[in-house]
>>> print(open('upload-v2.csv').read())   # CSV, C-alpha atoms and all ligand atoms
chain,number,residue,atom,x,y,z
M,1,MET,CA,-45.0,-7.8,-11.3
M,2,ILE,CA,-44.9,-10.9,-13.6
M,3,GLU,CA,-47.8,-12.3,-15.5
M,4,VAL,CA,-47.5,-15.4,-17.6
M,5,ARG,CA,-50.6,-16.6,-19.5
M,6,ASP,CA,-50.9,-19.8,-21.5
M,7,LEU,CA,-47.2,-19.8,-22.4
M,8,ARG,CA,-46.2,-22.2,-25.1
M,9,LYS,CA,-42.7,-22.7,-26.6
M,10,GLU,CA,-41.8,-25.0,-29.4
M,11,TYR,CA,-38.4,-25.8,-30.7
M,12,GLY,CA,-39.0,-26.9,-34.2
M,13,GLY,CA,-41.9,-29.3,-33.7
M,14,PHE,CA,-40.9,-30.1,-30.1
M,15,VAL,CA,-43.1,-28.6,-27.4
M,16,ALA,CA,-40.8,-27.6,-24.5
M,17,VAL,CA,-43.4,-25.5,-22.6
M,18,GLU,CA,-47.1,-25.8,-22.8
M,19,GLY,CA,-50.0,-24.0,-21.1
M,20,SER,CA,-47.9,-22.3,-18.4
M,21,THR,CA,-49.8,-19.8,-16.4
M,22,PHE,CA,-48.6,-18.1,-13.2
M,23,SER,CA,-48.1,-14.7,-11.7
M,24,VAL,CA,-45.5,-13.3,-9.3
M,25,ASP,CA,-46.2,-10.4,-6.9
M,26,GLU,CA,-43.8,-7.6,-6.1
M,27,GLY,CA,-41.2,-8.6,-3.5
M,28,GLU,CA,-42.0,-12.3,-3.8
M,29,VAL,CA,-39.6,-15.2,-4.3
M,30,PHE,CA,-41.1,-17.6,-6.8
M,31,GLY,CA,-39.3,-21.0,-7.3
M,32,VAL,CA,-39.6,-23.0,-10.5
M,33,ILE,CA,-38.7,-26.6,-9.9
M,34,GLY,CA,-38.7,-29.8,-11.9
M,35,PRO,CA,-36.6,-32.5,-13.3
M,36,ASN,CA,-34.1,-32.1,-16.2
M,37,GLY,CA,-35.9,-31.1,-19.4
M,38,ALA,CA,-39.0,-30.0,-17.6
M,39,GLY,CA,-39.0,-26.6,-19.3
M,40,LYS,CA,-37.6,-24.4,-16.5
M,41,THR,CA,-34.8,-22.7,-18.5
M,42,THR,CA,-37.2,-22.1,-21.4
M,43,THR,CA,-39.7,-20.5,-19.1
M,44,LEU,CA,-37.0,-18.2,-17.5
M,45,LYS,CA,-35.5,-17.2,-20.8
M,46,THR,CA,-38.9,-16.3,-22.1
M,47,LEU,CA,-39.4,-14.1,-19.1
M,48,ALA,CA,-36.0,-12.5,-19.7
M,49,GLY,CA,-37.0,-11.7,-23.3
M,50,LEU,CA,-34.4,-14.0,-24.7
M,51,LEU,CA,-36.9,-16.4,-26.3
M,52,GLU,CA,-40.0,-15.4,-28.2
M,53,PRO,CA,-43.0,-17.5,-27.1
M,54,THR,CA,-44.6,-19.6,-29.8
M,55,ASP,CA,-48.0,-18.7,-28.2
M,56,GLY,CA,-49.3,-17.0,-25.0
M,57,HIS,CA,-48.1,-14.0,-23.1
M,58,ALA,CA,-45.3,-13.1,-20.7
M,59,GLU,CA,-45.3,-9.6,-19.1
M,60,VAL,CA,-42.6,-8.3,-16.7
M,61,ALA,CA,-42.8,-5.0,-14.8
M,62,GLY,CA,-45.7,-3.9,-17.0
M,63,PHE,CA,-44.0,-4.6,-20.3
M,64,ASP,CA,-44.2,-7.4,-22.7
M,65,ALA,CA,-41.2,-9.6,-22.1
M,66,SER,CA,-39.9,-8.9,-25.6
M,67,ASP,CA,-40.1,-5.1,-25.1
M,68,PRO,CA,-36.5,-3.7,-24.8
M,69,ARG,CA,-37.7,-1.3,-22.1
M,70,MET,CA,-38.3,-4.3,-19.9
M,71,ARG,CA,-34.6,-5.1,-20.0
M,72,GLN,CA,-33.8,-2.0,-17.9
M,73,ARG,CA,-36.0,-3.4,-15.1
M,74,LEU,CA,-34.6,-6.9,-15.3
M,75,GLY,CA,-31.5,-8.8,-14.0
M,76,PHE,CA,-31.0,-12.2,-15.6
M,77,LEU,CA,-28.6,-14.8,-14.4
M,78,PRO,CA,-28.2,-17.6,-16.9
M,79,GLU,CA,-27.6,-21.2,-15.9
M,80,GLU,CA,-24.1,-21.0,-17.4
M,81,SER,CA,-22.5,-17.6,-17.3
M,82,PRO,CA,-19.2,-17.6,-19.1
M,83,LEU,CA,-17.2,-14.5,-18.1
M,84,TYR,CA,-14.4,-12.7,-19.9
M,85,GLU,CA,-11.5,-14.5,-18.3
M,86,GLU,CA,-8.9,-11.7,-18.7
M,87,MET,CA,-11.2,-9.0,-17.1
M,88,THR,CA,-11.3,-8.4,-13.4
M,89,PRO,CA,-14.6,-8.3,-11.5
M,90,LEU,CA,-14.4,-4.5,-11.4
M,91,SER,CA,-13.7,-4.0,-15.1
M,92,TYR,CA,-16.3,-6.6,-16.0
M,93,LEU,CA,-19.0,-5.1,-13.9
M,94,HIS,CA,-18.2,-1.5,-15.0
M,95,PHE,CA,-18.4,-2.8,-18.6
M,96,PHE,CA,-22.0,-3.9,-18.1
M,97,ALA,CA,-22.9,-0.8,-16.0
M,98,ASP,CA,-21.8,1.2,-19.1
M,99,LEU,CA,-24.0,-0.9,-21.3
M,100,TYR,CA,-26.9,0.0,-19.1
M,101,ASP,CA,-25.9,3.7,-19.1
M,102,VAL,CA,-25.4,3.7,-15.4
M,103,ASP,CA,-23.7,6.9,-14.2
M,104,ARG,CA,-20.0,6.0,-13.4
M,105,ALA,CA,-20.1,7.2,-9.8
M,106,VAL,CA,-23.4,5.5,-9.1
M,107,ALA,CA,-22.0,2.3,-10.7
M,108,GLU,CA,-18.8,2.5,-8.6
M,109,THR,CA,-20.8,2.6,-5.3
M,110,ARG,CA,-23.3,0.0,-6.4
M,111,ILE,CA,-20.7,-2.5,-7.6
M,112,HIS,CA,-18.6,-2.2,-4.4
M,113,ASP,CA,-21.7,-2.4,-2.2
M,114,THR,CA,-22.9,-5.5,-4.0
M,115,LEU,CA,-19.5,-7.2,-3.9
M,116,ASP,CA,-19.3,-6.3,-0.2
M,117,ARG,CA,-22.7,-8.0,0.4
M,118,LEU,CA,-21.6,-11.0,-1.6
M,119,ASP,CA,-18.4,-11.1,0.4
M,120,LEU,CA,-16.2,-11.0,-2.7
M,121,GLU,CA,-12.8,-9.8,-1.6
M,122,TYR,CA,-10.8,-10.2,-4.8
M,123,ARG,CA,-11.9,-7.5,-7.2
M,124,GLU,CA,-8.8,-6.8,-9.3
M,125,ARG,CA,-7.9,-10.4,-10.0
M,126,PRO,CA,-8.5,-11.8,-13.5
M,127,LEU,CA,-11.8,-13.7,-13.6
M,128,GLY,CA,-9.9,-16.6,-15.2
M,129,ASP,CA,-8.0,-17.2,-11.9
M,130,MET,CA,-11.1,-17.3,-9.7
M,131,SER,CA,-13.0,-20.2,-8.3
M,132,LYS,CA,-16.4,-21.3,-9.6
M,133,GLY,CA,-18.2,-19.8,-6.6
M,134,MET,CA,-16.4,-16.5,-7.0
M,135,LYS,CA,-17.3,-16.3,-10.7
M,136,ARG,CA,-21.0,-17.1,-9.8
M,137,LYS,CA,-21.0,-14.2,-7.3
M,138,VAL,CA,-19.6,-11.9,-10.1
M,139,ALA,CA,-22.3,-13.1,-12.4
M,140,ILE,CA,-24.9,-12.3,-9.7
M,141,ALA,CA,-23.4,-8.9,-9.2
M,142,ARG,CA,-23.7,-8.3,-13.0
M,143,SER,CA,-27.4,-9.0,-12.7
M,144,LEU,CA,-27.7,-6.2,-10.3
M,145,VAL,CA,-25.6,-3.4,-12.0
M,146,ASN,CA,-28.7,-1.7,-13.4
M,147,ASP,CA,-30.5,-2.0,-10.0
M,148,PRO,CA,-33.4,-4.0,-11.5
M,149,ASP,CA,-36.8,-4.6,-10.0
M,150,VAL,CA,-37.1,-8.1,-11.2
M,151,LEU,CA,-34.5,-10.9,-11.0
M,152,VAL,CA,-34.7,-14.0,-13.0
M,153,TYR,CA,-32.1,-16.5,-11.8
M,154,ASP,CA,-31.6,-19.9,-13.5
M,155,GLU,CA,-30.1,-22.4,-11.0
M,156,PRO,CA,-28.2,-19.7,-9.1
M,157,ALA,CA,-26.4,-22.0,-6.8
M,158,SER,CA,-26.1,-25.2,-8.9
M,159,GLY,CA,-22.7,-27.0,-8.7
M,160,LEU,CA,-21.3,-24.9,-5.9
M,161,ASP,CA,-20.0,-26.0,-2.5
M,162,PRO,CA,-22.5,-26.0,0.4
M,163,LEU,CA,-21.1,-22.8,2.0
M,164,THR,CA,-21.3,-20.7,-1.2
M,165,THR,CA,-24.6,-22.3,-2.0
M,166,ASN,CA,-26.1,-21.2,1.3
M,167,TYR,CA,-24.6,-17.8,0.9
M,168,ILE,CA,-26.1,-17.3,-2.5
M,169,ILE,CA,-29.5,-18.7,-1.5
M,170,ASP,CA,-29.6,-16.4,1.6
M,171,PHE,CA,-28.5,-13.5,-0.6
M,172,THR,CA,-31.4,-14.2,-3.0
M,173,ARG,CA,-33.9,-14.0,-0.2
M,174,GLU,CA,-32.3,-10.7,1.0
M,175,LEU,CA,-32.9,-9.3,-2.5
M,176,ALA,CA,-36.6,-10.0,-2.2
M,177,ASP,CA,-36.6,-8.5,1.3
M,178,ASP,CA,-35.2,-5.4,-0.3
M,179,GLY,CA,-38.3,-5.3,-2.4
M,180,LYS,CA,-37.0,-7.0,-5.6
M,181,THR,CA,-39.1,-9.7,-7.2
M,182,VAL,CA,-37.3,-12.9,-7.8
M,183,VAL,CA,-38.0,-15.9,-9.9
M,184,PHE,CA,-35.5,-18.7,-9.8
M,185,SER,CA,-35.2,-22.3,-10.8
M,186,ALA,CA,-33.6,-25.0,-8.7
M,187,HIS,CA,-33.2,-28.7,-8.3
M,188,ASN,CA,-32.5,-28.5,-4.6
M,189,LEU,CA,-35.8,-28.7,-2.8
M,190,TYR,CA,-34.3,-27.7,0.5
M,191,HIS,CA,-33.5,-24.2,-0.9
M,192,VAL,CA,-36.9,-23.9,-2.5
M,193,GLU,CA,-38.5,-24.7,0.8
M,194,SER,CA,-36.4,-22.4,2.7
M,195,ILE,CA,-36.6,-19.2,0.7
M,196,CYS,CA,-39.6,-19.3,-1.7
M,197,ASP,CA,-43.0,-17.7,-1.0
M,198,ARG,CA,-44.5,-19.8,-3.7
M,199,ILE,CA,-43.4,-22.4,-6.2
M,200,ALA,CA,-44.4,-24.0,-9.5
M,201,ILE,CA,-43.6,-27.6,-10.1
M,202,MET,CA,-42.9,-28.4,-13.8
M,203,ASN,CA,-42.8,-31.7,-15.5
M,204,GLU,CA,-42.5,-32.3,-19.3
M,205,GLY,CA,-43.2,-28.7,-20.2
M,206,ARG,CA,-46.3,-28.3,-18.0
M,207,ILE,CA,-46.9,-26.8,-14.6
M,208,VAL,CA,-48.3,-29.6,-12.6
M,209,ALA,CA,-48.8,-27.7,-9.4
M,210,ARG,CA,-48.3,-24.3,-7.9
M,211,GLY,CA,-48.8,-22.6,-4.6
M,212,SER,CA,-47.0,-22.0,-1.4
M,213,VAL,CA,-45.0,-24.9,0.1
M,214,ALA,CA,-47.6,-25.3,2.8
M,215,GLU,CA,-50.4,-25.4,0.3
M,216,LEU,CA,-48.7,-27.9,-1.9
M,217,ARG,CA,-48.0,-30.1,1.1
M,218,GLU,CA,-51.6,-29.9,2.2
M,219,ARG,CA,-53.1,-30.4,-1.3
M,220,TYR,CA,-50.9,-33.2,-2.6
M,221,GLY,CA,-49.0,-34.6,0.3
M,222,ARG,CA,-49.8,-37.8,2.1
M,223,THR,CA,-49.4,-38.1,5.8
M,224,ALA,CA,-47.6,-41.4,6.5
M,225,TYR,CA,-48.6,-43.4,9.6
M,226,HIS,CA,-46.0,-45.7,11.0
M,227,VAL,CA,-47.9,-48.4,12.8
M,228,TYR,CA,-46.1,-50.7,15.3
M,229,THR,CA,-47.5,-54.1,16.2
M,230,SER,CA,-46.3,-56.8,18.6
M,231,VAL,CA,-46.6,-59.5,15.9
M,232,PRO,CA,-45.8,-59.5,12.2
M,233,VAL,CA,-48.6,-58.5,9.8
M,234,GLU,CA,-48.7,-58.3,6.1
M,235,GLY,CA,-46.4,-55.6,4.8
M,236,SER,CA,-44.6,-55.1,8.1
M,237,GLU,CA,-40.9,-55.2,8.8
M,238,PRO,CA,-39.3,-56.1,12.1
M,239,VAL,CA,-37.8,-53.2,14.0
M,240,GLU,CA,-34.1,-53.9,14.7
M,241,GLY,CA,-33.4,-54.5,18.4
M,242,ARG,CA,-37.0,-54.1,19.5
M,243,ASP,CA,-39.7,-56.7,19.8
M,244,ARG,CA,-42.0,-55.0,17.4
M,245,HIS,CA,-42.9,-54.7,13.7
M,246,GLU,CA,-43.5,-51.6,11.6
M,247,ARG,CA,-45.8,-51.1,8.8
M,248,THR,CA,-46.2,-47.7,7.0
M,249,VAL,CA,-49.6,-46.8,5.7
M,250,GLU,CA,-51.3,-43.7,4.3
M,251,SER,CA,-54.8,-43.7,5.8
M,252,MET,CA,-56.5,-44.2,9.2
M,253,ASP,CA,-58.5,-47.0,7.6
M,254,ALA,CA,-55.3,-48.8,6.9
M,255,VAL,CA,-54.2,-48.2,10.5
M,256,GLU,CA,-57.4,-49.8,11.7
M,257,ALA,CA,-56.9,-52.7,9.3
M,258,THR,CA,-53.4,-53.2,10.6
M,259,ARG,CA,-54.7,-53.2,14.2
M,260,GLU,CA,-57.3,-55.8,13.3
M,261,ALA,CA,-54.7,-58.0,11.5
M,262,ALA,CA,-52.4,-57.8,14.6
M,263,GLU,CA,-55.2,-58.8,16.9
M,264,ALA,CA,-56.3,-61.7,14.6
M,265,ALA,CA,-52.7,-63.0,14.8
M,266,GLY,CA,-52.9,-62.9,18.6
M,267,GLY,CA,-51.0,-59.7,19.0
M,268,ARG,CA,-51.8,-56.0,19.4
M,269,LEU,CA,-51.1,-52.5,18.1
M,270,VAL,CA,-48.3,-51.0,20.2
M,271,ASP,CA,-47.8,-47.5,18.8
M,272,ILE,CA,-48.6,-45.1,15.9
M,273,ARG,CA,-46.4,-42.2,14.7
M,274,THR,CA,-47.5,-39.8,12.1
M,275,GLU,CA,-45.1,-38.2,9.6
M,276,ASP,CA,-46.0,-35.0,7.8
M,277,PRO,CA,-45.7,-35.0,4.0
M,278,SER,CA,-42.4,-33.7,2.8
M,279,LEU,CA,-42.1,-31.3,-0.1
M,280,GLU,CA,-39.8,-33.9,-1.6
M,281,ARG,CA,-42.5,-36.5,-1.6
M,282,VAL,CA,-44.9,-34.1,-3.2
M,283,PHE,CA,-42.4,-33.2,-5.8
M,284,LEU,CA,-41.5,-36.8,-6.6
M,285,ASP,CA,-45.2,-37.7,-6.9
M,286,LEU,CA,-45.9,-34.8,-9.2
M,287,ALA,CA,-42.7,-35.1,-11.2
M,288,GLU,CA,-42.8,-38.8,-11.7
M,289,GLY,CA,-45.0,-38.3,-14.7
M,290,GLU,CA,-48.4,-37.3,-15.9
M,291,SER,CA,-50.0,-40.4,-14.5
M,292,ASP,CA,-48.9,-39.5,-11.0
M,293,ALA,CA,-49.9,-35.9,-11.4
M,294,GLU,CA,-53.2,-37.1,-12.6
M,295,ARG,CA,-53.5,-39.4,-9.6
M,296,ALA,CA,-52.8,-36.4,-7.3
M,297,VAL,CA,-55.4,-34.3,-9.1
M,298,ALA,CA,-57.9,-37.2,-8.9
M,299,ARG,CA,-57.2,-37.6,-5.2
M,300,ARG,CA,-57.9,-33.9,-4.8
M,301,ALA,CA,-61.2,-34.4,-6.8
M,302,GLU,CA,-62.1,-37.3,-4.6
M,303,GLU,CA,-61.7,-35.1,-1.6
M,304,GLY,CA,-64.4,-32.8,-3.2
M,305,ASP,CA,-62.1,-30.0,-4.3
M,306,ALA,CA,-63.5,-28.2,-7.3
M,307,GLY,CA,-61.5,-27.2,-10.3
M,308,ALA,CA,-59.5,-30.4,-10.6
M,309,GLY,CA,-59.4,-32.3,-13.9
M,310,ASP,CA,-56.4,-31.2,-15.9
M,311,ALA,CA,-53.0,-31.9,-14.5
M,312,ALA,CA,-51.6,-28.8,-16.1
M,313,ARG,CA,-54.1,-26.7,-14.2
M,314,ALA,CA,-54.0,-28.5,-10.9
M,315,GLU,CA,-54.7,-25.1,-9.5
M,316,PRO,CA,-57.3,-23.1,-11.5
M,317,PRO,CA,-55.8,-20.1,-13.3
M,318,GLY,CA,-55.8,-17.0,-11.2
M,319,ALA,CA,-56.3,-19.0,-8.0
M,320,ASP,CA,-53.1,-17.6,-6.5
M,321,GLU,CA,-53.4,-14.1,-7.7
M,401,LIG,N1,-32.7,-24.8,-28.4
M,401,LIG,C1,-33.4,-25.9,-28.3
M,401,LIG,N2,-33.7,-26.7,-29.3
M,401,LIG,C2,-34.4,-27.9,-29.2
M,401,LIG,N3,-34.8,-28.3,-28.0
M,401,LIG,C3,-34.5,-27.6,-26.9
M,401,LIG,C4,-33.8,-26.4,-27.0
M,401,LIG,N4,-33.7,-25.9,-25.7
M,401,LIG,C5,-34.3,-26.8,-24.9
M,401,LIG,N5,-34.8,-27.8,-25.6
M,401,LIG,C6,-35.6,-29.0,-25.1
M,401,LIG,O1,-36.7,-28.5,-24.4
M,401,LIG,C7,-36.9,-29.2,-23.2
M,401,LIG,C8,-36.9,-28.2,-22.0
M,401,LIG,O2,-35.6,-27.7,-21.9
M,401,LIG,P1,-35.2,-26.7,-20.7
M,401,LIG,O3,-33.8,-26.4,-20.8
M,401,LIG,O4,-36.2,-25.6,-20.7
M,401,LIG,O5,-35.5,-27.6,-19.4
M,401,LIG,P2,-35.0,-27.5,-17.9
M,401,LIG,O6,-36.1,-27.8,-17.0
M,401,LIG,O7,-34.3,-26.1,-17.7
M,401,LIG,O8,-33.9,-28.6,-17.8
M,401,LIG,P3,-32.5,-28.6,-16.9
M,401,LIG,O9,-32.9,-28.8,-15.5
M,401,LIG,O10,-31.8,-29.9,-17.5
M,401,LIG,O11,-31.7,-27.4,-17.2
M,401,LIG,C9,-35.9,-30.3,-23.1
M,401,LIG,O12,-36.4,-31.5,-23.6
M,401,LIG,C10,-34.8,-29.7,-24.0
M,401,LIG,O13,-34.1,-30.8,-24.6
>>> encode(input="upload-v2.csv", output="structure tokens", more="lines below")
Ligand SMILES: Nc1ncnc2c1ncn2[C@@H]1O[C@H](COP(=O)(O)OP(=O)(O)OP(=O)(O)O)[C@@H](O)[C@H]1O
Amino acid sequence: MIEVRDLRKEYGGFVAVEGSTFSVDEGEVFGVIGPNGAGKTTTLKTLAGLLEPTDGHAEVAGFDASDPRMRQRLGFLPEESPLYEEMTPLSYLHFFADLYDVDRAVAETRIHDTLDRLDLEYRERPLGDMSKGMKRKVAIARSLVNDPDVLVYDEPASGLDPLTTNYIIDFTRELADDGKTVVFSAHNLYHVESICDRIAIMNEGRIVARGSVAELRERYGRTAYHVYTSVPVEGSEPVEGRDRHERTVESMDAVEATREAAEAAGGRLVDIRTEDPSLERVFLDLAEGESDAERAVARRAEEGDAGAGDAARAEPPGADE
């Protein structure tokens, strides 16, 4: 449903996005995550046809992203969505439905159904009097007035209270369950983990990793081993209230070395607990900078995985299609 190949976007001489390649299947939720300035908004605006790529190709629903016919199939939610403060949700949404040439009766039903699903009770109140969460719901309803196949949402739940955030995140997943294809950007990893089928992690304009949450964990994550000893060893910390010391290591060899060090000091290994890698750790490793991304790729290469070498293509193009 979405194909992006070697996308590059420059602002003046500044390269905001470079070498982005990914695809999104019909009915999938695809998350784009990364720190501030990573290039998420630029990528999403290019998909929405609002920015012309400097180089490369972006195709949405079978059309080039710059093709006006694509707009009929797309619903875009910008990061900031200023609404016309004097309009009411109903007048505002009908205004956009008219722009899309949606039949009045069809629009009426669609708008009310969407607002029902979004649990937005106040429909005749001026938008200027509404809370931030309510306004965000109206903006989401606007993205759906033309019943699009593809939704591109830039930070849909950023800056909202936890209840509204969860509501919007769950609603986003429901849209995909209805068959719509969703691409969204986020800072909050919990939401990405909970609703995305696949994600791309961006840093400094490049995609440094992409795949399902489980794949990324497996590929880049490090299992942590918490090793408990009866005596202090190098790098250990006393465990409060217990007669033991904890050292956290990342390999079985280091576990073994800890055991040997404890025995050499006249003590013993008491316990080992393993901790699965969190997506947050993977994200931080990859987003901390090229050097870390390269380290992750190098680690992958050490493990004998082919195709590693360029951090921007930590996964070979086409590998997830
Ligand atoms: N119109 C513009 N002119 C010049 N530089 C821009 C423009 N828009 C974005 N940039 C720069 O391009 C880079 C990527 O910006 P972008 O908004 O795509 O990042 P982002 O990942 O969405 O960040 P955030 O999470 O802060 O929204 C940033 O360094 C930004 O300063």
>>> closest_residue(input="upload-v2.csv", among="M:Arg117, M:Lys45, M:Arg142, M:Arg73", to="Leu93 of chain M", atoms="only C-alpha atoms")
M:Arg142
>>> residues_near_ligand(input="upload-v2.csv", ligand="ligand LIG 401 (chain M)", cutoff="9 Å", atoms="all atoms listed in the file", output="PyMOL selection string")
chain M and resi 9-17+32-45+79+154-155+185-187+202-205
>>> write_last_selection(input="upload-v2.csv", atoms="C-alpha atoms", output="mmCIF file, in the coordinates of the input")
data_model
loop_
_atom_site.group_PDB
_atom_site.id
_atom_site.type_symbol
_atom_site.label_atom_id
_atom_site.label_comp_id
_atom_site.auth_asym_id
_atom_site.auth_seq_id
_atom_site.Cartn_x
_atom_site.Cartn_y
_atom_site.Cartn_z
ATOM 1 C CA LYS M 9 -42.700 -22.700 -26.600
ATOM 2 C CA GLU M 10 -41.800 -25.000 -29.400
ATOM 3 C CA TYR M 11 -38.400 -25.800 -30.700
ATOM 4 C CA GLY M 12 -39.000 -26.900 -34.200
ATOM 5 C CA GLY M 13 -41.900 -29.300 -33.700
ATOM 6 C CA PHE M 14 -40.900 -30.100 -30.100
ATOM 7 C CA VAL M 15 -43.100 -28.600 -27.400
ATOM 8 C CA ALA M 16 -40.800 -27.600 -24.500
ATOM 9 C CA VAL M 17 -43.400 -25.500 -22.600
ATOM 10 C CA VAL M 32 -39.600 -23.000 -10.500
ATOM 11 C CA ILE M 33 -38.700 -26.600 -9.900
ATOM 12 C CA GLY M 34 -38.700 -29.800 -11.900
ATOM 13 C CA PRO M 35 -36.600 -32.500 -13.300
ATOM 14 C CA ASN M 36 -34.100 -32.100 -16.200
ATOM 15 C CA GLY M 37 -35.900 -31.100 -19.400
ATOM 16 C CA ALA M 38 -39.000 -30.000 -17.600
ATOM 17 C CA GLY M 39 -39.000 -26.600 -19.300
ATOM 18 C CA LYS M 40 -37.600 -24.400 -16.500
ATOM 19 C CA THR M 41 -34.800 -22.700 -18.500
ATOM 20 C CA THR M 42 -37.200 -22.100 -21.400
ATOM 21 C CA THR M 43 -39.700 -20.500 -19.100
ATOM 22 C CA LEU M 44 -37.000 -18.200 -17.500
ATOM 23 C CA LYS M 45 -35.500 -17.200 -20.800
ATOM 24 C CA GLU M 79 -27.600 -21.200 -15.900
ATOM 25 C CA ASP M 154 -31.600 -19.900 -13.500
ATOM 26 C CA GLU M 155 -30.100 -22.400 -11.000
ATOM 27 C CA SER M 185 -35.200 -22.300 -10.800
ATOM 28 C CA ALA M 186 -33.600 -25.000 -8.700
ATOM 29 C CA HIS M 187 -33.200 -28.700 -8.300
ATOM 30 C CA MET M 202 -42.900 -28.400 -13.800
ATOM 31 C CA ASN M 203 -42.800 -31.700 -15.500
ATOM 32 C CA GLU M 204 -42.500 -32.300 -19.300
ATOM 33 C CA GLY M 205 -43.200 -28.700 -20.200
#
>>> atom_distance(input="upload-v2.csv", atom1="atom CA of Glu215 of chain M", atom2="atom CA of Thr165 of chain M")
26.1 Å
>>> closest_residue(input="upload-v2.csv", among="M:Asp149, M:Glu3, M:Asp243, M:Glu59", to="Gln72 of chain M", atoms="all atoms listed in the file")
M:Asp149
>>> closest_residue(input="upload-v2.csv", among="M:Ala139, M:Arg123, M:Arg244, M:Ala209", to="Pro82 of chain M", atoms="all atoms listed in the file")
M:Ala139
>>> closest_residue(input="upload-v2.csv", among="M:Cys196, M:Leu90, M:Leu7, M:Met252", to="Thr54 of chain M", atoms="only C-alpha atoms")
M:Leu7
>>> residues_around(input="upload-v2.csv", residues="Met134 of chain M", least_positions_apart="3", cutoff="9 Å", atoms="all atoms listed in the file", output="ChimeraX atom specification")
/M:120,122,127,130-131,137-139,164
>>> residues_around(input="upload-v2.csv", residues="Asp113 of chain M", least_positions_apart="6", cutoff="10 Å", atoms="all atoms listed in the file", output="VMD selection string")
chain M and resid 107 119 141
>>> residues_around(input="upload-v2.csv", residues="Tyr228 of chain M", least_positions_apart="6", cutoff="7 Å", atoms="all atoms listed in the file", output="list in words")
Arg244, His245, Glu246, Arg247, Leu269, Val270, Asp271 and Ile272 of chain M
>>> write_last_selection(input="upload-v2.csv", atoms="C-alpha atoms", output="mmCIF file, keeping the file's coordinate frame")
data_model
loop_
_atom_site.group_PDB
_atom_site.id
_atom_site.type_symbol
_atom_site.label_atom_id
_atom_site.label_comp_id
_atom_site.auth_asym_id
_atom_site.auth_seq_id
_atom_site.Cartn_x
_atom_site.Cartn_y
_atom_site.Cartn_z
ATOM 1 C CA ARG M 244 -42.000 -55.000 17.400
ATOM 2 C CA HIS M 245 -42.900 -54.700 13.700
ATOM 3 C CA GLU M 246 -43.500 -51.600 11.600
ATOM 4 C CA ARG M 247 -45.800 -51.100 8.800
ATOM 5 C CA LEU M 269 -51.100 -52.500 18.100
ATOM 6 C CA VAL M 270 -48.300 -51.000 20.200
ATOM 7 C CA ASP M 271 -47.800 -47.500 18.800
ATOM 8 C CA ILE M 272 -48.600 -45.100 15.900
#
>>> atom_distance(input="upload-v2.csv", atom1="atom CA of Gly31 of chain M", atom2="atom CA of Leu83 of chain M")
25.4 Å
>>> build_atoms(input="upload-v2.csv", residues="segment 155-166 of chain M", atoms="N, CA and C atoms", output="mmCIF file, keeping the file's coordinate frame")
data_model
loop_
_atom_site.group_PDB
_atom_site.id
_atom_site.type_symbol
_atom_site.label_atom_id
_atom_site.label_comp_id
_atom_site.auth_asym_id
_atom_site.auth_seq_id
_atom_site.Cartn_x
_atom_site.Cartn_y
_atom_site.Cartn_z
ATOM 1 N N GLU M 155 -30.991 -21.520 -11.856
ATOM 2 C CA GLU M 155 -30.100 -22.400 -11.000
ATOM 3 C C GLU M 155 -28.982 -21.549 -10.404
ATOM 4 N N PRO M 156 -29.275 -20.547 -9.590
ATOM 5 C CA PRO M 156 -28.200 -19.700 -9.100
ATOM 6 C C PRO M 156 -27.098 -20.347 -8.353
ATOM 7 N N ALA M 157 -27.401 -21.444 -7.668
ATOM 8 C CA ALA M 157 -26.400 -22.000 -6.800
ATOM 9 C C ALA M 157 -26.009 -23.458 -7.237
ATOM 10 N N SER M 158 -26.327 -23.798 -8.483
ATOM 11 C CA SER M 158 -26.100 -25.200 -8.900
ATOM 12 C C SER M 158 -24.578 -25.461 -9.020
ATOM 13 N N GLY M 159 -24.130 -26.590 -8.512
ATOM 14 C CA GLY M 159 -22.700 -27.000 -8.700
ATOM 15 C C GLY M 159 -21.745 -26.314 -7.763
ATOM 16 N N LEU M 160 -22.215 -25.606 -6.745
ATOM 17 C CA LEU M 160 -21.300 -24.900 -5.900
ATOM 18 C C LEU M 160 -21.172 -25.624 -4.519
ATOM 19 N N ASP M 161 -20.115 -25.298 -3.762
ATOM 20 C CA ASP M 161 -20.000 -26.000 -2.500
ATOM 21 C C ASP M 161 -21.072 -25.506 -1.520
ATOM 22 N N PRO M 162 -21.347 -26.297 -0.470
ATOM 23 C CA PRO M 162 -22.500 -26.000 0.400
ATOM 24 C C PRO M 162 -22.450 -24.598 1.017
ATOM 25 N N LEU M 163 -21.235 -24.147 1.384
ATOM 26 C CA LEU M 163 -21.100 -22.800 2.000
ATOM 27 C C LEU M 163 -21.533 -21.723 1.062
ATOM 28 N N THR M 164 -20.948 -21.779 -0.147
ATOM 29 C CA THR M 164 -21.300 -20.700 -1.200
ATOM 30 C C THR M 164 -22.734 -20.854 -1.564
ATOM 31 N N THR M 165 -23.204 -22.081 -1.675
ATOM 32 C CA THR M 165 -24.600 -22.300 -2.000
ATOM 33 C C THR M 165 -25.510 -21.578 -1.024
ATOM 34 N N ASN M 166 -25.272 -21.832 0.254
ATOM 35 C CA ASN M 166 -26.100 -21.200 1.300
ATOM 36 C C ASN M 166 -26.003 -19.695 1.233
#
